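Asker: What follows is the file target.tsv, containing TSV, C-alpha atoms:
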```tsv
chain	number	residue	atom	x	y	z
A	1	MET	CA	-27.61	14.19	24.85
A	2	ARG	CA	-29.06	14.66	21.42
A	3	VAL	CA	-29.69	18.36	22.11
A	4	VAL	CA	-26.13	18.77	23.38
A	5	GLU	CA	-24.76	17.02	20.32
A	6	ARG	CA	-26.83	19.19	17.99
A	7	LEU	CA	-25.60	22.33	19.74
A	8	VAL	CA	-21.96	21.22	19.56
A	9	LEU	CA	-22.37	20.25	15.92
A	10	ALA	CA	-23.89	23.66	15.15
A	11	VAL	CA	-20.55	25.19	16.16
A	12	GLU	CA	-18.11	22.42	15.18
A	13	LYS	CA	-19.42	21.63	11.69
A	14	PRO	CA	-19.43	25.11	10.07
A	15	LEU	CA	-16.21	26.08	11.84
A	16	LYS	CA	-14.21	23.04	10.75
A	17	GLU	CA	-15.73	22.99	7.30
A	18	ALA	CA	-14.79	26.65	6.78
A	19	ILE	CA	-11.24	26.35	8.08
A	20	TRP	CA	-10.17	22.81	7.10
A	21	ASP	CA	-12.75	21.69	4.53
A	22	CYS	CA	-13.67	19.10	7.19
A	23	ARG	CA	-15.58	15.99	6.08
A	24	MET	CA	-17.04	15.23	9.54
A	25	CYS	CA	-15.55	11.76	9.95
A	26	GLY	CA	-16.15	12.12	13.70
A	27	GLN	CA	-12.62	10.92	14.60
A	28	CYS	CA	-10.44	13.95	13.98
A	29	ILE	CA	-6.67	13.50	13.64
A	30	LEU	CA	-5.88	16.96	12.22
A	31	HIS	CA	-3.08	17.49	14.74
A	32	SER	CA	-1.36	14.35	13.39
A	33	THR	CA	-1.66	15.46	9.79
A	34	GLY	CA	-0.28	18.99	9.85
A	35	LEU	CA	-3.83	20.40	10.02
A	36	SER	CA	-4.55	19.02	6.54
A	37	CYS	CA	-7.75	16.95	6.66
A	38	PRO	CA	-6.89	13.45	5.36
A	39	MET	CA	-10.52	12.70	4.59
A	40	ARG	CA	-10.23	15.15	1.67
A	41	CYS	CA	-7.91	12.61	0.04
A	42	PRO	CA	-9.98	10.76	-2.60
A	43	LYS	CA	-8.67	7.52	-1.11
A	44	ASN	CA	-9.33	8.69	2.49
A	45	LEU	CA	-5.75	7.79	3.39
A	46	ARG	CA	-4.95	8.59	7.03
A	47	ASN	CA	-1.47	7.05	7.20
A	48	GLY	CA	0.31	8.90	4.43
A	49	PRO	CA	0.17	9.57	0.70
A	50	CYS	CA	-0.41	6.91	-1.94
A	51	GLY	CA	2.25	6.17	-4.53
A	52	GLY	CA	0.41	8.10	-7.21
A	53	VAL	CA	1.26	11.65	-6.13
A	54	ARG	CA	2.37	13.63	-9.21
A	55	ALA	CA	5.90	14.95	-9.51
A	56	ASN	CA	4.61	18.51	-8.98
A	57	GLY	CA	2.99	17.48	-5.68
A	58	ASN	CA	-0.54	17.35	-7.04
A	59	CYS	CA	-3.14	14.64	-6.51
A	60	GLU	CA	-3.22	11.52	-8.70
A	61	VAL	CA	-6.99	11.90	-9.06
A	62	TYR	CA	-7.39	15.69	-9.23
A	63	ALA	CA	-4.49	16.95	-11.32
A	64	ASP	CA	-5.14	20.60	-10.42
A	65	LYS	CA	-5.24	20.04	-6.63
A	66	ARG	CA	-2.32	19.73	-4.24
A	67	CYS	CA	-2.01	16.33	-2.61
A	68	VAL	CA	-3.56	16.42	0.86
A	69	TRP	CA	-0.50	14.61	2.19
A	70	VAL	CA	2.02	16.98	0.59
A	71	GLU	CA	0.18	19.70	2.52
A	72	ALA	CA	0.10	17.49	5.61
A	73	TRP	CA	3.84	16.91	5.54
A	74	GLU	CA	4.64	20.60	5.07
A	75	GLY	CA	2.05	21.57	7.70
A	76	SER	CA	3.44	19.09	10.21
A	77	ARG	CA	6.94	20.62	9.83
A	78	ARG	CA	5.50	24.03	10.73
A	79	LEU	CA	3.56	22.88	13.78
A	80	PRO	CA	5.25	23.82	17.06
A	81	VAL	CA	3.80	20.69	18.71
A	82	PHE	CA	2.69	17.22	17.59
A	83	LYS	CA	5.40	17.21	14.88
A	84	ASP	CA	6.08	13.50	15.30
A	85	HIS	CA	2.43	12.52	15.33
A	86	ILE	CA	2.52	12.24	11.54
A	87	GLN	CA	4.46	9.01	12.14
A	88	HIS	CA	1.63	7.49	14.16
A	89	LEU	CA	0.04	4.40	12.74
A	90	GLN	CA	-3.63	5.35	12.50
A	91	ARG	CA	-6.28	2.74	13.16
A	92	PRO	CA	-8.95	1.90	10.58
A	93	VAL	CA	-11.71	4.47	10.18
A	94	ASP	CA	-14.89	3.75	12.13
A	95	TRP	CA	-17.45	4.65	9.47
A	96	GLN	CA	-20.23	4.57	12.09
A	97	LEU	CA	-18.93	7.89	13.36
A	98	GLN	CA	-19.41	9.70	10.04
A	99	GLY	CA	-21.33	12.92	10.65
A	100	THR	CA	-21.02	12.83	14.45
A	101	SER	CA	-19.15	15.35	16.57
A	102	SER	CA	-15.47	14.52	16.90
A	103	TRP	CA	-15.27	16.92	19.86
A	104	ILE	CA	-17.83	14.85	21.78
A	105	ASN	CA	-16.18	11.61	20.58
A	106	LEU	CA	-12.85	12.93	21.85
A	107	VAL	CA	-14.22	13.75	25.28
A	108	SER	CA	-16.14	10.47	25.58
A	109	GLY	CA	-13.20	8.44	24.25
A	110	ARG	CA	-15.44	6.96	21.55
A	111	ASP	CA	-12.94	7.92	18.84
A	112	GLN	CA	-10.23	5.87	20.56
A	113	MET	CA	-12.15	2.63	20.22
A	114	ALA	CA	-10.41	0.25	17.81
A	115	PRO	CA	-11.62	-3.12	16.51
A	116	LYS	CA	-10.77	-5.97	18.93
A	117	GLY	CA	-8.26	-7.43	16.48
A	118	TRP	CA	-6.31	-4.17	16.14
A	119	HIS	CA	-3.15	-4.40	18.22
A	120	VAL	CA	-0.91	-1.57	17.07
A	121	ASP	CA	-0.02	1.29	19.34
A	122	PRO	CA	0.02	4.62	17.56
B	1	MET	CA	7.90	-19.32	12.81
B	2	SER	CA	8.39	-21.74	9.95
B	3	ILE	CA	9.43	-20.33	6.60
B	4	PRO	CA	6.19	-19.67	4.74
B	5	SER	CA	7.48	-19.76	1.17
B	6	ARG	CA	10.41	-20.27	-1.17
B	7	LEU	CA	10.66	-16.52	-1.69
B	8	ALA	CA	10.94	-16.04	2.07
B	9	GLU	CA	13.64	-18.67	2.21
B	10	LEU	CA	15.68	-17.05	-0.57
B	11	LEU	CA	15.46	-13.61	1.03
B	12	ARG	CA	16.31	-15.03	4.44
B	13	ASP	CA	19.43	-16.55	2.96
B	14	GLY	CA	20.43	-13.22	1.44
B	15	ARG	CA	20.15	-14.50	-2.10
B	16	PHE	CA	19.77	-12.25	-5.11
B	17	VAL	CA	16.12	-12.62	-5.98
B	18	VAL	CA	14.50	-11.86	-9.31
B	19	THR	CA	10.78	-11.31	-9.55
B	20	ALA	CA	8.67	-10.55	-12.60
B	21	GLU	CA	5.22	-9.15	-13.04
B	22	LEU	CA	2.76	-11.33	-14.88
B	23	SER	CA	0.53	-9.21	-17.07
B	24	SER	CA	-2.89	-10.37	-16.02
B	25	VAL	CA	-5.22	-11.95	-18.53
B	26	ASN	CA	-8.71	-11.24	-19.78
B	27	SER	CA	-9.48	-14.84	-20.46
B	28	ALA	CA	-11.62	-17.44	-18.73
B	29	ASP	CA	-9.22	-20.07	-20.02
B	30	PRO	CA	-6.54	-20.96	-17.46
B	31	GLU	CA	-4.20	-21.80	-20.35
B	32	ALA	CA	-3.89	-18.07	-21.07
B	33	THR	CA	-2.36	-17.49	-17.64
B	34	TRP	CA	-0.18	-20.58	-17.82
B	35	ARG	CA	1.15	-19.62	-21.27
B	36	ARG	CA	2.33	-16.25	-19.97
B	37	ALA	CA	3.73	-17.71	-16.77
B	38	GLU	CA	5.64	-20.52	-18.47
B	39	VAL	CA	7.76	-17.93	-20.29
B	40	LEU	CA	9.14	-16.97	-16.88
B	41	ARG	CA	9.79	-20.45	-15.54
B	42	GLY	CA	13.41	-20.93	-14.60
B	43	SER	CA	14.39	-17.29	-15.10
B	44	VAL	CA	12.65	-15.74	-12.08
B	45	ASP	CA	12.24	-16.72	-8.44
B	46	ALA	CA	8.72	-15.39	-7.99
B	47	ILE	CA	5.96	-13.93	-10.11
B	48	ASN	CA	3.81	-10.96	-9.10
B	49	CYS	CA	0.13	-11.44	-9.90
B	50	THR	CA	-1.38	-7.99	-10.20
B	51	ASP	CA	-4.73	-6.88	-8.85
B	52	ASN	CA	-6.60	-5.00	-11.58
B	53	THR	CA	-3.48	-3.21	-12.80
B	54	GLY	CA	-3.89	0.49	-13.43
B	55	ALA	CA	-7.51	0.08	-12.28
B	56	HIS	CA	-8.32	-1.95	-15.41
B	57	VAL	CA	-10.35	-5.11	-14.83
B	58	HIS	CA	-8.57	-8.41	-15.35
B	59	MET	CA	-8.82	-11.87	-13.88
B	60	SER	CA	-8.36	-11.70	-10.12
B	61	SER	CA	-4.88	-11.93	-8.65
B	62	LEU	CA	-6.15	-14.63	-6.29
B	63	ALA	CA	-7.18	-16.86	-9.18
B	64	ALA	CA	-3.97	-16.15	-11.13
B	65	ALA	CA	-1.83	-16.88	-8.08
B	66	HIS	CA	-3.66	-20.16	-7.51
B	67	LEU	CA	-3.17	-21.17	-11.15
B	68	LEU	CA	0.56	-20.58	-10.70
B	69	VAL	CA	0.62	-22.67	-7.53
B	70	GLU	CA	-1.00	-25.51	-9.49
B	71	LYS	CA	1.91	-25.43	-11.92
B	72	GLY	CA	4.56	-25.34	-9.22
B	73	LEU	CA	5.46	-21.67	-9.79
B	74	GLU	CA	5.96	-19.20	-6.94
B	75	PRO	CA	3.34	-16.45	-7.03
B	76	ILE	CA	3.24	-13.16	-5.14
B	77	MET	CA	-0.39	-12.13	-4.84
B	78	GLN	CA	-0.90	-8.39	-5.03
B	79	LEU	CA	-3.98	-7.12	-3.22
B	80	THR	CA	-5.26	-3.56	-3.25
B	81	VAL	CA	-7.67	-1.82	-0.90
B	82	ARG	CA	-9.24	0.01	-3.84
B	83	ASP	CA	-11.86	-2.60	-4.73
B	84	ARG	CA	-12.70	-4.32	-1.46
B	85	ASN	CA	-13.76	-3.43	2.04
B	86	ARG	CA	-12.26	-5.04	5.14
B	87	LEU	CA	-14.64	-8.01	4.98
B	88	ALA	CA	-13.82	-8.87	1.37
B	89	LEU	CA	-10.09	-8.36	1.91
B	90	GLN	CA	-9.96	-10.76	4.84
B	91	ALA	CA	-12.14	-13.29	3.00
B	92	ASP	CA	-9.73	-13.20	0.02
B	93	LEU	CA	-6.67	-13.46	2.26
B	94	LEU	CA	-8.03	-16.56	3.94
B	95	GLY	CA	-9.11	-18.01	0.60
B	96	ALA	CA	-5.67	-17.35	-0.87
B	97	ALA	CA	-4.02	-19.15	2.04
B	98	ALA	CA	-6.32	-22.14	1.59
B	99	LEU	CA	-5.40	-22.25	-2.13
B	100	GLY	CA	-1.69	-22.37	-1.38
B	101	VAL	CA	-0.78	-18.72	-1.94
B	102	ARG	CA	1.87	-17.66	0.59
B	103	ASN	CA	3.44	-14.43	-0.69
B	104	LEU	CA	1.46	-11.23	-0.52
B	105	VAL	CA	2.09	-7.66	-1.58
B	106	LEU	CA	-0.48	-5.28	-0.12
B	107	MET	CA	-1.05	-1.81	-1.53
B	108	SER	CA	-3.47	1.09	-2.02
B	109	GLY	CA	-3.85	0.63	-5.77
B	110	ASP	CA	-4.15	3.09	-8.63
B	111	ASP	CA	-7.31	5.14	-8.44
B	112	VAL	CA	-10.37	4.01	-10.40
B	113	THR	CA	-10.15	7.17	-12.52
B	114	ALA	CA	-6.91	5.80	-14.04
B	115	GLY	CA	-8.72	2.74	-15.37
B	116	ASP	CA	-11.44	1.54	-17.70
B	117	HIS	CA	-14.25	2.07	-15.19
B	118	PRO	CA	-13.59	5.65	-14.07
B	119	GLU	CA	-17.21	5.98	-12.95
B	120	ALA	CA	-16.82	3.18	-10.41
B	121	ARG	CA	-17.08	3.72	-6.66
B	122	ARG	CA	-13.68	3.55	-5.01
B	123	ILE	CA	-13.64	1.69	-1.71
B	124	TYR	CA	-10.55	2.47	0.44
B	125	ASP	CA	-12.37	1.25	3.55
B	126	ILE	CA	-8.97	0.60	5.16
B	127	ASP	CA	-5.56	1.65	3.83
B	128	SER	CA	-2.56	-0.43	2.80
B	129	MET	CA	-0.88	-0.09	6.18
B	130	GLN	CA	-3.97	-1.21	8.02
B	131	LEU	CA	-4.33	-4.14	5.60
B	132	LEU	CA	-0.73	-5.12	6.44
B	133	GLU	CA	-1.63	-5.16	10.10
B	134	VAL	CA	-4.79	-7.14	9.37
B	135	ALA	CA	-2.82	-9.81	7.45
B	136	VAL	CA	-0.22	-9.97	10.23
B	137	THR	CA	-2.97	-10.34	12.82
B	138	MET	CA	-4.59	-13.17	10.89
B	139	ARG	CA	-1.24	-14.93	10.62
B	140	ASP	CA	0.29	-14.31	14.04
B	141	ARG	CA	-2.74	-14.07	16.30
B	142	GLY	CA	-5.15	-16.18	14.34
B	143	THR	CA	-8.00	-13.68	14.45
B	144	TYR	CA	-9.86	-11.39	12.10
B	145	LEU	CA	-9.70	-7.62	12.58
B	146	SER	CA	-12.92	-7.95	14.58
B	147	GLY	CA	-11.10	-10.17	17.06
B	148	ARG	CA	-13.08	-13.26	16.05
B	149	LYS	CA	-10.94	-16.41	16.07
B	150	LEU	CA	-9.88	-18.32	12.97
B	151	GLU	CA	-10.01	-22.12	13.10
B	152	GLN	CA	-6.64	-22.27	11.37
B	153	ALA	CA	-4.35	-19.26	10.97
B	154	PRO	CA	-2.88	-18.67	7.49
B	155	SER	CA	0.82	-18.81	6.74
B	156	PHE	CA	1.94	-15.71	4.85
B	157	PHE	CA	5.07	-13.89	3.73
B	158	ILE	CA	3.79	-10.35	3.70
B	159	GLY	CA	5.14	-7.63	1.43
B	160	ALA	CA	4.51	-3.92	1.07
B	161	VAL	CA	5.35	-1.31	-1.54
B	162	GLU	CA	6.83	2.17	-1.56
B	163	ASN	CA	7.31	4.76	-4.25
B	164	PRO	CA	10.54	6.63	-3.43
B	165	PHE	CA	9.93	9.05	-6.32
B	166	ALA	CA	6.57	10.58	-5.42
B	167	PRO	CA	6.30	13.69	-3.23
B	168	PRO	CA	6.64	14.39	-0.37
B	169	LEU	CA	10.07	12.76	-0.79
B	170	GLU	CA	11.20	13.39	2.81
B	171	PHE	CA	8.11	11.66	4.17
B	172	ARG	CA	8.47	8.49	2.07
B	173	PRO	CA	11.03	6.81	4.35
B	174	LEU	CA	8.84	7.58	7.38
B	175	ARG	CA	5.88	6.05	5.59
B	176	LEU	CA	7.99	3.00	4.89
B	177	GLN	CA	8.86	2.90	8.58
B	178	LYS	CA	5.15	2.76	9.36
B	179	LYS	CA	4.77	-0.20	7.05
B	180	VAL	CA	7.65	-1.95	8.76
B	181	ARG	CA	6.03	-1.28	12.11
B	182	ALA	CA	2.77	-2.69	10.75
B	183	GLY	CA	4.69	-5.89	10.06
B	184	ALA	CA	5.93	-5.90	6.45
B	185	ASP	CA	8.32	-8.82	5.85
B	186	PHE	CA	9.68	-7.45	2.57
B	187	ILE	CA	9.36	-4.41	0.32
B	188	GLN	CA	8.99	-3.98	-3.42
B	189	THR	CA	9.54	-0.47	-4.67
B	190	GLN	CA	8.13	1.34	-7.66
B	191	LEU	CA	10.26	0.85	-10.78
B	192	VAL	CA	13.57	2.64	-10.37
B	193	PHE	CA	14.62	4.92	-13.21
B	194	ASP	CA	16.11	7.74	-11.16
B	195	VAL	CA	19.06	6.25	-9.30
B	196	PRO	CA	20.21	9.44	-7.46
B	197	VAL	CA	16.73	9.95	-5.95
B	198	PHE	CA	16.61	6.28	-5.03
B	199	ALA	CA	20.04	6.50	-3.39
B	200	ARG	CA	18.87	9.47	-1.29
B	201	PHE	CA	15.78	7.53	-0.29
B	202	MET	CA	17.88	4.53	0.73
B	203	ALA	CA	20.20	6.75	2.75
B	204	MET	CA	17.20	8.11	4.68
B	205	VAL	CA	15.87	4.57	5.18
B	206	ALA	CA	19.27	3.62	6.59
B	207	ASP	CA	19.26	6.66	8.88
B	208	LEU	CA	15.96	5.50	10.32
B	209	GLY	CA	17.67	2.26	11.27
B	210	LEU	CA	15.35	0.19	9.11
B	211	ILE	CA	18.21	-1.68	7.47
B	212	GLY	CA	19.50	-4.63	9.40
B	213	ARG	CA	18.17	-3.57	12.77
B	214	SER	CA	14.48	-4.21	12.39
B	215	SER	CA	13.74	-7.88	12.52
B	216	SER	CA	10.90	-7.54	10.06
B	217	PHE	CA	12.72	-5.38	7.54
B	218	ARG	CA	15.15	-7.73	5.91
B	219	ARG	CA	15.16	-7.14	2.23
B	220	LEU	CA	14.32	-4.50	-0.26
B	221	GLY	CA	13.21	-5.27	-3.76
B	222	PHE	CA	13.87	-3.09	-6.74
B	223	PRO	CA	14.13	-3.66	-10.45
B	224	ALA	CA	17.51	-4.56	-11.82
B	225	ARG	CA	16.88	-3.81	-15.45
B	226	LEU	CA	15.21	-0.91	-17.18
B	227	VAL	CA	13.13	-2.92	-19.57
B	228	VAL	CA	9.88	-1.04	-19.28
B	229	PRO	CA	9.21	1.38	-22.12
B	230	ALA	CA	9.26	5.05	-21.23
B	231	SER	CA	5.59	5.21	-22.15
B	232	CYS	CA	4.79	3.57	-18.81
B	233	ALA	CA	5.74	6.80	-17.10
B	234	ARG	CA	2.71	8.36	-18.74
B	235	LYS	CA	0.49	5.31	-18.48
B	236	PHE	CA	0.76	4.46	-14.81
B	237	PRO	CA	0.17	6.82	-11.92
B	238	GLY	CA	3.21	7.14	-9.70
B	239	CYS	CA	5.70	5.94	-12.30
B	240	THR	CA	8.18	8.70	-13.06
B	241	CYS	CA	10.98	8.51	-15.53
B	242	PRO	CA	13.72	11.11	-16.01
B	243	THR	CA	14.32	12.22	-19.60
B	244	ARG	CA	17.71	10.61	-20.04
B	245	SER	CA	16.58	7.13	-19.13
B	246	SER	CA	13.38	7.72	-21.11
B	247	ARG	CA	15.56	7.81	-24.18
B	248	ALA	CA	17.62	4.87	-23.02
B	249	SER	CA	14.64	2.61	-22.52
B	250	LYS	CA	12.67	3.56	-25.60
B	251	ARG	CA	12.66	0.07	-27.01
B	252	PRO	CA	9.37	-1.49	-25.93
B	253	ARG	CA	9.30	-5.09	-24.77
B	254	ARG	CA	6.54	-7.46	-23.98
B	255	PRO	CA	5.07	-6.45	-20.65
B	256	ASP	CA	5.23	-9.97	-19.20
B	257	LYS	CA	8.98	-9.81	-19.60
B	258	ARG	CA	9.07	-6.90	-17.21
B	259	ARG	CA	11.51	-7.94	-14.57
B	260	ARG	CA	12.04	-6.91	-11.06
B	261	ALA	CA	14.95	-7.97	-9.00
B	262	SER	CA	15.37	-7.97	-5.31
B	263	ARG	CA	18.67	-8.19	-3.64
B	264	SER	CA	19.61	-8.37	-0.06
B	265	LEU	CA	20.23	-5.12	1.72
B	266	SER	CA	23.61	-6.31	2.78
B	267	ASN	CA	24.59	-6.03	-0.86
B	268	TRP	CA	23.20	-2.54	-1.18
```
What does this structure look like when you write it as structure tokens?

Answerer:
Amino acid sequence: MRVVERLVLAVEKPLKEAIWDCRMCGQCILHSTGLSCPMRCPKNLRNGPCGGVRANGNCEVYADKRCVWVEAWEGSRRLPVFKDHIQHLQRPVDWQLQGTSSWINLVSGRDQMAPKGWHVDP
Amino acid sequence: MSIPSRLAELLRDGRFVVTAELSSVNSADPEATWRRAEVLRGSVDAINCTDNTGAHVHMSSLAAAHLLVEKGLEPIMQLTVRDRNRLALQADLLGAAALGVRNLVLMSGDDVTAGDHPEARRIYDIDSMQLLEVAVTMRDRGTYLSGRKLEQAPSFFIGAVENPFAPPLEFRPLRLQKKVRAGADFIQTQLVFDVPVFARFMAMVADLGLIGRSSSFRRLGFPARLVVPASCARKFPGCTCPTRSSRASKRPRRPDKRRRASRSLSNW
């Protein structure tokens, strides 16, 4: 399994980093966020923007960068499918998955595992 | 469910509710908090105790809220996910409940770079919506996020925030809808200076059916008076102020007199 994972990662990591500036959280929700990686947000927000977004649409923390969620909203409007997935209530990040392959976690269902006390449907 | 607090009771009854923000102290002397809070006694229904406002360190909102409870005042404890992970957040929620704090407002929090420790590590282990769900779970199911049982579930009146003035404006009502789905009992908005933008936001919130229909979304809080100096638009992330009202509210006042008012949506 480790060899398989390394092989998958050898493709997944450079590809997603090049296209989406992926941070390898191992629980990808790009299709729910207009193909804008929410882990690029300094606050790692996966449910929407914080209240600090600047009036010009730039990040509260990095004044010269567009807010990840402004891009996510615009991107989600352009997507032909999964448009409504931006309204999903995302579960807490499982930090144990950092650096692992989200493709493998998707197939195995590992990325769907929520804490036992989490009761919200997406 | 029994009514958890006086604030909850007032909002349930559709009363016009006034809340004020207590500027948090940098003093180990409880008198410092009481002095500031006493100014508000009788003129407000509840007092927001902020959690390291603008990412500047102050006495904890939990301690301030407890000091207010001791004096028979009605605190609203603000709690951000900026400084604590999910363990610390749940520990503080349970501690707050044990100390008599019933009203919560849960939020992301201004980034550390806005404050006096810009070099600090920001946490954001979970986000404000997930924290809402965690607090609701502790209250209604009597368990932690891990599923482990509490001996005694806390009684909370759980609030959330929204900033109707920050982009992407069209997404803001949908984000609010998420918070309602996560279980928010009431909402406090960012300070309102731009009434037309706020009216558009409220129209979209109404279109989503969040007003009146959702059992959890009963009231919306927003400030009734523009008593915050225009300089706050520059000082605090997320606080925007159109030029005209900047001029109108030039006269600075003491920050602990900053008032927020909530009124029932039926009056909106």

Asker: For each of A:Leu97, A:Ala55, A:Ala72, A:Leu7, take the minimum atom-to-atom distance to chain B, counting all atoms listed in the file, then give the residue where this is smallest.

Answerer: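 Among the listed residues, A:Ala55 lies closest to chain B.
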
Asker: Determine, for each residue of chain A having at least one atom at most 8 Å from an atom of chain B, the closest pair of atoms and their separation in Å to one decimal, counting all atoms listed in the file; order by chain and ascending number, as CSV.

Answerer:
```
residue,atom,partner,partner_atom,distance
A:Lys43,CA,B:Tyr124,CA,5.6
A:Asn44,CA,B:Tyr124,CA,6.7
A:Leu45,CA,B:Asp127,CA,6.2
A:Arg46,CA,B:Asp127,CA,7.7
A:Asn47,CA,B:Met129,CA,7.2
A:Gly48,CA,B:Arg175,CA,6.4
A:Cys50,CA,B:Ser108,CA,6.6
A:Gly51,CA,B:Asn163,CA,5.3
A:Gly52,CA,B:Gly238,CA,3.9
A:Val53,CA,B:Ala166,CA,5.5
A:Arg54,CA,B:Ala166,CA,6.4
A:Ala55,CA,B:Ala166,CA,6.0
A:Asn56,CA,B:Pro167,CA,7.7
A:Gly57,CA,B:Pro167,CA,5.6
A:Glu60,CA,B:Pro237,CA,6.6
A:Val61,CA,B:Thr113,CA,6.7
A:Trp69,CA,B:Pro168,CA,7.6
A:Val70,CA,B:Pro168,CA,5.4
A:Trp73,CA,B:Phe171,CA,6.9
A:Gln87,CA,B:Leu174,CA,6.6
A:His88,CA,B:Lys178,CA,7.6
A:Leu89,CA,B:Lys178,CA,6.3
A:Gln90,CA,B:Gln130,CA,8.0
A:Arg91,CA,B:Gln130,CA,6.9
A:Pro92,CA,B:Ile126,CA,5.6
A:Val93,CA,B:Ile126,CA,6.9
A:Pro115,CA,B:Ser146,CA,5.4
A:Lys116,CA,B:Gly147,CA,4.6
A:Gly117,CA,B:Gly147,CA,4.0
A:Trp118,CA,B:Leu145,CA,6.0
A:Val120,CA,B:Ala182,CA,7.4
```

Asker: Do you know which residues are at most 12 Å from Arg200 of chain B counting all atoms listed in the file, after dropping those on the same chain fewer than 2 positions away, and could you put them as a count of residues only?

Answerer: 17

Asker: Residues within 7 Å of segment 60-71 of chain B, please, as a list in words. Count only C-alpha atoms; anything in the same chain fewer than 2 positions from it doesn't count.

Answerer: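 Counting only the stated atoms, we get Thr33, Cys49, Thr50, Asp51, His58, Leu73, Glu74, Pro75, Ile76, Met77, Gln78, Ala96, Leu99, Gly100 and Val101 of chain B.
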
Asker: So the first atom is atom CA of Leu9 of chain A and the second is atom CA of Gly75 of chain A; what is the distance between them in Å, to one decimal place?

Answerer: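 Separation between atom CA of Leu9 of chain A and atom CA of Gly75 of chain A: 25.8 Å.
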
Asker: Would you please work out which residue, of A:Val4, A:Cys25, A:Val81, A:Cys41, is nearest to Cys67 of chain A when using only C-alpha atoms?

Answerer: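 Between A:Val4, A:Cys25, A:Val81, A:Cys41, the residue approaching Cys67 of chain A most closely is A:Cys41.
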
Asker: Can you tell me how far atom CA of Arg12 of chain B sits from atom CA of Val105 of chain B, in Å to one decimal?

Answerer: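 So the answer is 17.1 Å.
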